[in-house]
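**Q** This is the structure I want to talk about, given as structure tokens.
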Amino acid sequence: MFGSGLLYPKYLTISWHKAGSPRWIPQLKTIHLLIKASASSFAHDNGNEYKPKVTLSFHHDNSLAILTLCNPQRRNALTFSMMEQLHEHVTALERWAKFGTVISDSITRSDDINVGNDASQKQAPTDGKSASNGENNSRAIILTGAQGNFCSGLDLHDHAHSDNHPLQSGSQMNLHMTQVTNRLHSLPVPSISAIDGHAMGGGAELSTCTDFIVLSTSARVQFVHVRRGASPGWGGGRRLVNRVGRSKALKMLLLGECVLGHDEARTLSFADGVGQEGETALDAAMRLIVRPILELPCSNAVRAVKSVVSAADGDQDVLDSRGMTMLYDTNQALATERGAFLSVWGGDSNLAQIREIKDKLKEKKTPS
């Protein structure tokens with residue numbers, strides 16, 4: 001279930017560029033190069049073993065945010081610390097999407113990465129102000145994973161060594177991640193999951209919490225919860241039904257029907273777009289969705305359209321006035337999903353499957 005993965009940069013640098021300038025298209029390559037930069041430094045964090053993390057970066061004159069899951073040695077499986085960072089970043093994104101402000105504590109920056117010779121690039125503001133034009137330029141968010149994979153669910157290695165962590169409790173993890181994914185889905189700007197490689201279990205759930213899903217041809221999306229003696233518990237079941245319909249959702253959840261990027265290119269039954277052969281999901285998302293959004297004349301209009309669709313789709317039915325997930329008795333679908341999750345999470349079958357996976361991980365580490 002978990003691969004060794006590749007190394008990922010220690011830092012992502014914030015880059016700024018106006019969408020309408022003649023050098024906007026080359027800037028796409030700059031973003032991709034930044035994601036690949038300084039891979040070795042991420043693996044050896046000042047001499048220490050790398051720490052899984054979630055990074056948040058802003059691009060194109062503060063109009064685009066990129067949220068990246070970074071735990072490549074485990075195919076970007078989520079540790080409890082990464083779950084907490086997701087919560088912090090979503091809080092920062094809510095402020096950015098509403099006011100255009102970037103809080104310095106919410107972003108990962110480095111001054112030692114060469115971002116090219118583009119004189120128009122500027123570091124993100126550190127005083128809580130918006131971009132240089134003083135306006136709210138927020139337009140789009142991309143959720144993606146580091147180094148060829150999206151997310152392979154819960155990091156069971158971290159799970160095994162975090163007995164005292166509050167999110168070890170299935171109930172607390174369910175509340176935390178359902179809240180995070182609902183808030184991300186309800187942000188007032190369009191959001192896109194850019195999926196390369198594996199999106200498994202919780203990673204498949206996470207992929208559904210954005211407005212659009214773009215796959216590379218190498219993508220593999222699969223809900224493996226039932227095979228692990230569990231069921232969706234992060235709001236993914238409800239969102240999957242809304243995306244693909246009842247019958248296909250049952251096939252994906254019960255039978256483990258897998259979405260493959262090269263097949264989805266013909267059917268588009270789950271995703272909204274698939275990259276060309278050899279194109280990363282990030283590049284495809286930029287080409288198919290983000291670039292057209294950035295070229296629109298008015299940021300306010302982009303956010304206005306998203307608010308209309310969110311209201312029609314009932315996004316606010318699961319959020320209170322503070323943007324937090326409501327008590328579950330106010331939304332029957334969420335209440336049922338939570339009850340189903342808690343009825344099997346930590347049960348005999350679930351624990352047996354988790355032990356089996358952990359034993360396999362130990363065997364891989366034991367020299368022959």
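By convention in this document, the chains of the structure tokens carry letters A, B, ... by their order, each chain's residues are numbered from 1, and ligands are numbered from 1 in the order they are shown.
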So that I can check the surroundings of region 78-83 of chain A, please list as a VMD selection string every protein, DNA and RNA residue that reaches within 7 Å of it, counting only C-alpha atoms and ignoring chain neighbours fewer than 2 positions away.
**A** chain A and resid 52 to 54 76 85 to 87 153 to 155 158 167
**Q** With N, CA and C atoms kept, could you save the residues just selected as a JSON list (two decimals), in the first residue's frame?
**A**
```
[["chain", "number", "residue", "atom", "x", "y", "z"],
["A", 52, "PRO", "N", 7.46, 14.70, 7.42],
["A", 52, "PRO", "CA", 6.31, 14.86, 6.55],
["A", 52, "PRO", "C", 5.63, 16.19, 6.83],
["A", 53, "LYS", "N", 5.14, 16.84, 5.79],
["A", 53, "LYS", "CA", 4.52, 18.14, 5.98],
["A", 53, "LYS", "C", 3.54, 18.43, 4.86],
["A", 54, "VAL", "N", 2.77, 19.48, 5.07],
["A", 54, "VAL", "CA", 1.88, 20.02, 4.04],
["A", 54, "VAL", "C", 2.34, 21.45, 3.78],
["A", 76, "ASN", "N", 2.88, 9.92, 0.23],
["A", 76, "ASN", "CA", 2.18, 11.08, 0.78],
["A", 76, "ASN", "C", 1.01, 10.70, 1.68],
["A", 85, "GLN", "N", -1.70, 20.27, 10.11],
["A", 85, "GLN", "CA", -1.24, 21.32, 9.20],
["A", 85, "GLN", "C", -2.30, 21.64, 8.15],
["A", 86, "LEU", "N", -3.02, 20.62, 7.68],
["A", 86, "LEU", "CA", -4.10, 20.87, 6.74],
["A", 86, "LEU", "C", -5.13, 21.82, 7.35],
["A", 87, "HIS", "N", -5.46, 21.60, 8.61],
["A", 87, "HIS", "CA", -6.40, 22.48, 9.30],
["A", 87, "HIS", "C", -5.88, 23.92, 9.33],
["A", 153, "GLY", "N", -3.66, 7.71, 1.86],
["A", 153, "GLY", "CA", -4.49, 7.55, 3.05],
["A", 153, "GLY", "C", -3.75, 7.84, 4.33],
["A", 154, "LEU", "N", -4.09, 7.11, 5.37],
["A", 154, "LEU", "CA", -3.49, 7.28, 6.69],
["A", 154, "LEU", "C", -2.12, 6.62, 6.74],
["A", 155, "ASP", "N", -1.13, 7.33, 7.29],
["A", 155, "ASP", "CA", 0.21, 6.78, 7.46],
["A", 155, "ASP", "C", 0.19, 5.85, 8.67],
["A", 158, "ASP", "N", 3.07, 6.12, 11.24],
["A", 158, "ASP", "CA", 2.84, 7.19, 12.21],
["A", 158, "ASP", "C", 1.77, 6.79, 13.20],
["A", 167, "LEU", "N", -5.71, 12.62, 17.69],
["A", 167, "LEU", "CA", -6.32, 12.12, 16.47],
["A", 167, "LEU", "C", -6.21, 10.61, 16.34]]
```
**Q** Identify which of the residues A:Ala352, A:Ser299, A:Ala271, A:Ile213 lies closest to Arg227 (chain A), counting only C-alpha atoms when measuring atom-to-atom distances.
**A**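 Selected residue with least distance to Arg227 (chain A): A:Ala352.
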**Q** Let me make sure I understand: among A:Ala265, A:Ile195, A:Val309, A:Leu64, which one has the smallest atom-to-atom distance to Arg291 (chain A) if we use only C-alpha atoms?
**A** A:Leu64
**Q** Run DSSP on the backbone and tell me which residues of region 95-291 of chain A come out as helix (DSSP H, G or I); list them as a ChimeraX atom specification.
**A** /A:95-99,104-106,156-160,166-168,170-185,202-207,226-228,236-244,246-254,261-267,281-291
**Q** Counting only C-alpha atoms, what is within 10 Å of Phe223 (chain A), bar same-chain residues fewer than 4 positions away, as a list in words?
**A**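 The residues satisfying every condition are Gly153, Ala199, Met200, Gly201, Gly202, Gly203, Ala204, Glu205, Arg227, Ser231, Pro232, Gly236, Gly237, Ala249, Lys251, Met252, Leu253, Leu254, Leu255, Gly256, Glu257, Cys258 and Val259 of chain A.
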**Q** With N, CA and C atoms retained, export the selected residues as a compact mmCIF listing (two decimals), in the first residue's frame.
**A**
```txt
# COMPACT_ATOMS: atom_id res chain seq x y z
N GLY A 153 -3.66 7.71 1.86
CA GLY A 153 -4.49 7.55 3.05
C GLY A 153 -3.75 7.84 4.33
N ALA A 199 -4.01 7.61 -5.29
CA ALA A 199 -4.94 8.29 -4.37
C ALA A 199 -5.79 7.17 -3.79
N MET A 200 -5.38 6.66 -2.64
CA MET A 200 -5.95 5.44 -2.10
C MET A 200 -6.59 5.70 -0.74
N GLY A 201 -7.71 5.02 -0.46
CA GLY A 201 -8.33 5.12 0.86
C GLY A 201 -8.69 6.56 1.20
N GLY A 202 -8.09 7.05 2.31
CA GLY A 202 -8.32 8.42 2.70
C GLY A 202 -7.87 9.41 1.65
N GLY A 203 -6.87 9.03 0.85
CA GLY A 203 -6.42 9.89 -0.24
C GLY A 203 -7.49 10.04 -1.31
N ALA A 204 -8.23 8.94 -1.59
CA ALA A 204 -9.35 9.01 -2.53
C ALA A 204 -10.44 9.91 -1.98
N GLU A 205 -10.71 9.80 -0.67
CA GLU A 205 -11.68 10.69 -0.04
C GLU A 205 -11.26 12.15 -0.18
N ARG A 227 -11.87 -3.16 2.25
CA ARG A 227 -10.81 -4.18 2.34
C ARG A 227 -10.04 -4.05 3.65
N SER A 231 -14.90 2.04 6.64
CA SER A 231 -15.76 2.74 5.68
C SER A 231 -15.30 4.19 5.64
N PRO A 232 -15.73 4.96 4.62
CA PRO A 232 -15.31 6.36 4.55
C PRO A 232 -15.71 7.12 5.81
N GLY A 236 -16.06 11.71 2.52
CA GLY A 236 -15.84 11.32 1.13
C GLY A 236 -16.97 10.51 0.54
N GLY A 237 -17.70 9.75 1.35
CA GLY A 237 -18.80 8.96 0.84
C GLY A 237 -19.91 9.85 0.29
N ALA A 249 -20.96 4.94 -7.16
CA ALA A 249 -20.37 5.12 -5.84
C ALA A 249 -20.34 3.79 -5.08
N LYS A 251 -20.22 0.79 -6.43
CA LYS A 251 -19.18 -0.04 -7.06
C LYS A 251 -17.80 0.36 -6.57
N MET A 252 -17.55 1.66 -6.46
CA MET A 252 -16.23 2.12 -6.04
C MET A 252 -15.98 1.83 -4.55
N LEU A 253 -17.03 1.99 -3.73
CA LEU A 253 -16.85 1.82 -2.29
C LEU A 253 -16.89 0.35 -1.86
N LEU A 254 -17.80 -0.44 -2.45
CA LEU A 254 -17.97 -1.83 -2.04
C LEU A 254 -17.05 -2.78 -2.79
N LEU A 255 -16.95 -2.58 -4.10
CA LEU A 255 -16.20 -3.52 -4.94
C LEU A 255 -14.79 -3.04 -5.24
N GLY A 256 -14.45 -1.86 -4.77
CA GLY A 256 -13.10 -1.34 -4.99
C GLY A 256 -12.83 -1.00 -6.44
N GLU A 257 -13.89 -0.67 -7.22
CA GLU A 257 -13.69 -0.30 -8.62
C GLU A 257 -12.70 0.85 -8.70
N CYS A 258 -11.68 0.66 -9.49
CA CYS A 258 -10.55 1.59 -9.54
C CYS A 258 -10.69 2.57 -10.71
N VAL A 259 -10.39 3.81 -10.45
CA VAL A 259 -10.35 4.82 -11.51
C VAL A 259 -8.91 4.94 -11.99
```
**Q** Suppose you want the space between CA of Ala77 (chain A) and CA of Gln172 (chain A); what is it in Å?
**A**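 Calculated distance between CA of Ala77 (chain A) and CA of Gln172 (chain A) is 18.3 Å.
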**Q** Apply DSSP to the structure's backbone, then extract all residues of region 170-288 of chain A labelled strand (DSSP E or B) and return them as a ChimeraX atom specification.
**A** /A:191-195,198-200,212-215,220-222,259-260,273-274
**Q** Any chance you could export the current selection's C-alpha atoms as a PDB file, in the first residue's frame?
**A**
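Below is the file that was written, selection.pdb:
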```
ATOM      1  CA  SER A 191     -10.496  24.261  -6.167  1.00  0.00           C
ATOM      2  CA  ILE A 192      -8.813  21.468  -8.119  1.00  0.00           C
ATOM      3  CA  SER A 193      -7.325  18.129  -7.045  1.00  0.00           C
ATOM      4  CA  ALA A 194      -4.348  17.369  -9.297  1.00  0.00           C
ATOM      5  CA  ILE A 195      -3.724  13.638  -8.984  1.00  0.00           C
ATOM      6  CA  HIS A 198      -1.868   6.793  -6.053  1.00  0.00           C
ATOM      7  CA  ALA A 199      -4.940   8.286  -4.371  1.00  0.00           C
ATOM      8  CA  MET A 200      -5.951   5.436  -2.095  1.00  0.00           C
ATOM      9  CA  PHE A 212     -12.628  19.754  -9.993  1.00  0.00           C
ATOM     10  CA  ILE A 213     -10.490  16.620 -10.285  1.00  0.00           C
ATOM     11  CA  VAL A 214      -7.715  16.386 -12.874  1.00  0.00           C
ATOM     12  CA  LEU A 215      -5.747  13.155 -13.337  1.00  0.00           C
ATOM     13  CA  ARG A 220      -4.958   5.441  -9.763  1.00  0.00           C
ATOM     14  CA  VAL A 221      -7.871   6.346  -7.482  1.00  0.00           C
ATOM     15  CA  GLN A 222      -9.330   3.637  -5.281  1.00  0.00           C
ATOM     16  CA  VAL A 259     -10.347   4.820 -11.511  1.00  0.00           C
ATOM     17  CA  LEU A 260      -7.330   4.725 -13.834  1.00  0.00           C
ATOM     18  CA  GLY A 273     -10.023  16.206 -17.069  1.00  0.00           C
ATOM     19  CA  VAL A 274      -7.022  13.994 -17.811  1.00  0.00           C
TER      20      VAL A 274
END
```
**Q** Measure the distance from CA of Gly145 (chain A) to CA of Leu187 (chain A) in Å and round it to one decimal.
**A**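 So the two atoms, CA of Gly145 (chain A) and CA of Leu187 (chain A), lie 19.7 Å apart.
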**Q** Hey, can you check how far CA of Val90 (chain A) sits from CA of Tyr50 (chain A)?
**A** 23.1 Å
**Q** Residues within 9 Å of Thr144 (chain A), please, as number ranges by chain. Count only C-alpha atoms; anything in the same chain fewer than 4 positions from it doesn't count.
**A** A: 66-69, 149-151, 192-196, 207, 281-282
**Q** I'd like to know which of A:Leu268, A:Leu250, A:Val189, A:Leu288 is closest to Lys306 (chain A), using only C-alpha atoms.
**A**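 Once distances to Lys306 (chain A) are computed over only C-alpha atoms, the minimum belongs to A:Val189.
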**Q** Calculated over only C-alpha atoms, which of the candidates A:His262, A:Arg74, A:His185, A:Arg228 has the smallest distance to Gln147 (chain A)?
**A**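 Ranking A:His262, A:Arg74, A:His185, A:Arg228 by distance to Gln147 (chain A), first place goes to A:Arg74.
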